[in-house]
Amino acid sequence: MREEEIEKLRGLVRDCVSKHLYSSAIFFANEVAALTNDPADVYMQAQALFLGRHYRRPFHLLNSSKIVLRDLRFRYLAAKCLEELRSGTSVCRCSVMLRLLKMISSAICFLRGKAYEALGNCAQARLCKATNLDGTFAPAWIGYGNAFAAQEEGDQAMLGYRTAACLFPGCHLPTLYIGMEYMRTHSFKLAEQFFMQAKTICPSDPLVYNELGVVAYHMKDVWFT
């Protein structure tokens, strides 16, 4: 099959994912991965399966690829699959992979700090390029949102955060950053709602409690605990 036809199939996968048609996305992603055996297509196949709530198969797909040892995307998605599986035989591996997830979360927080340091359009251009290279990589969308938030471009920031939230509904960071963006515009009730959602997803993140405290202060909620 010609490269143009394969690229059309990739486009179909992305289109189906954006419309939440995960069964169709899985079908086309399987076809692409079988034709190319390219790591990027294997990742796309695994993510389509994950979004379709099939966790065991993408976990094995990701771990059978040697690139999992050097590509954070593969390890992150494998960790999410393992977290969903929670099988008794993989508890030890799950705890290791979840520690990796915390490391990745720290890296994303670092990216937020760097975005605030960068005041020129070059930061946005770099992050746009990252999302263009892999539109299904949630951390890139978080970084995209952070870059625009740094320049108070709320609509574009929200686009990045909401896209990340759709790609990884089990990750609390997009929800947390949506709340921060509402805080910036003084929409404190909306901010509180998103912070509480983030707390439900990840009750162990101290940043969530910090933001809840800040929003309680602004709302004069002295009884917040």
# chains A, B, ... in the order shown; residues from 1 in each chain; ligands from 1

$ residues_around --residues "Phe195 (chain A)" --least-positions-apart "6" --cutoff "7 Å" --atoms "only C-alpha atoms" --output "list in words"
Leu176, Gly179, Val208 and Leu212 of chain A

$ residues_around --residues "Ala191 (chain A)" --least-positions-apart "6" --cutoff "9 Å" --atoms "only C-alpha atoms" --output "JSON, numbers by chain"
{"A": [176, 178, 179, 180, 181, 182, 183, 211, 212, 215]}

$ atom_distance --atom1 "CA of Tyr22 (chain A)" --atom2 "CA of Gly52 (chain A)"
5.2 Å

$ atom_distance --atom1 "CA of Ala78 (chain A)" --atom2 "CA of Pro58 (chain A)"
7.4 Å

$ atom_distance --atom1 "CA of Cys171 (chain A)" --atom2 "CA of Phe50 (chain A)"
13.5 Å

$ closest_residue --among "A:Leu159, A:Leu35, A:Ala25, A:Val214" --to "Arg2 (chain A)" --atoms "only C-alpha atoms"
A:Leu35

$ residues_around --residues "Ser23 (chain A)" --least-positions-apart "5" --cutoff "9 Å" --atoms "only C-alpha atoms" --output "PDB file with N, CA and C atoms, in the first residue's frame"
ATOM      1  N   CYS A  16     -11.665   9.480  14.022  1.00  0.00           N
ATOM      2  CA  CYS A  16     -12.542   8.638  14.851  1.00  0.00           C
ATOM      3  C   CYS A  16     -12.312   8.891  16.340  1.00  0.00           C
ATOM      4  N   PHE A  28      -9.166   0.827  12.260  1.00  0.00           N
ATOM      5  CA  PHE A  28      -8.227   1.459  11.324  1.00  0.00           C
ATOM      6  C   PHE A  28      -6.797   1.459  11.881  1.00  0.00           C
ATOM      7  N   ALA A  48      -5.651   3.882  20.853  1.00  0.00           N
ATOM      8  CA  ALA A  48      -7.027   3.642  20.429  1.00  0.00           C
ATOM      9  C   ALA A  48      -7.655   2.525  21.268  1.00  0.00           C
ATOM     10  N   LEU A  49      -6.890   1.479  21.517  1.00  0.00           N
ATOM     11  CA  LEU A  49      -7.377   0.379  22.356  1.00  0.00           C
ATOM     12  C   LEU A  49      -7.648   0.862  23.782  1.00  0.00           C
ATOM     13  N   GLY A  52     -10.720   2.816  23.972  1.00  0.00           N
ATOM     14  CA  GLY A  52     -11.858   1.915  23.844  1.00  0.00           C
ATOM     15  C   GLY A  52     -12.031   0.981  25.033  1.00  0.00           C
TER      16      GLY A  52
END

$ residues_around --residues "Asn30 (chain A)" --least-positions-apart "6" --cutoff "12 Å" --atoms "only C-alpha atoms" --output "PyMOL selection string"
chain A and resi 6+9-10+12-13+22-24+36-38+41-49+57-58+61

$ closest_residue --among "A:Thr175, A:Gln156, A:Asn63, A:Asn146" --to "Ala79 (chain A)" --atoms "only C-alpha atoms"
A:Asn63
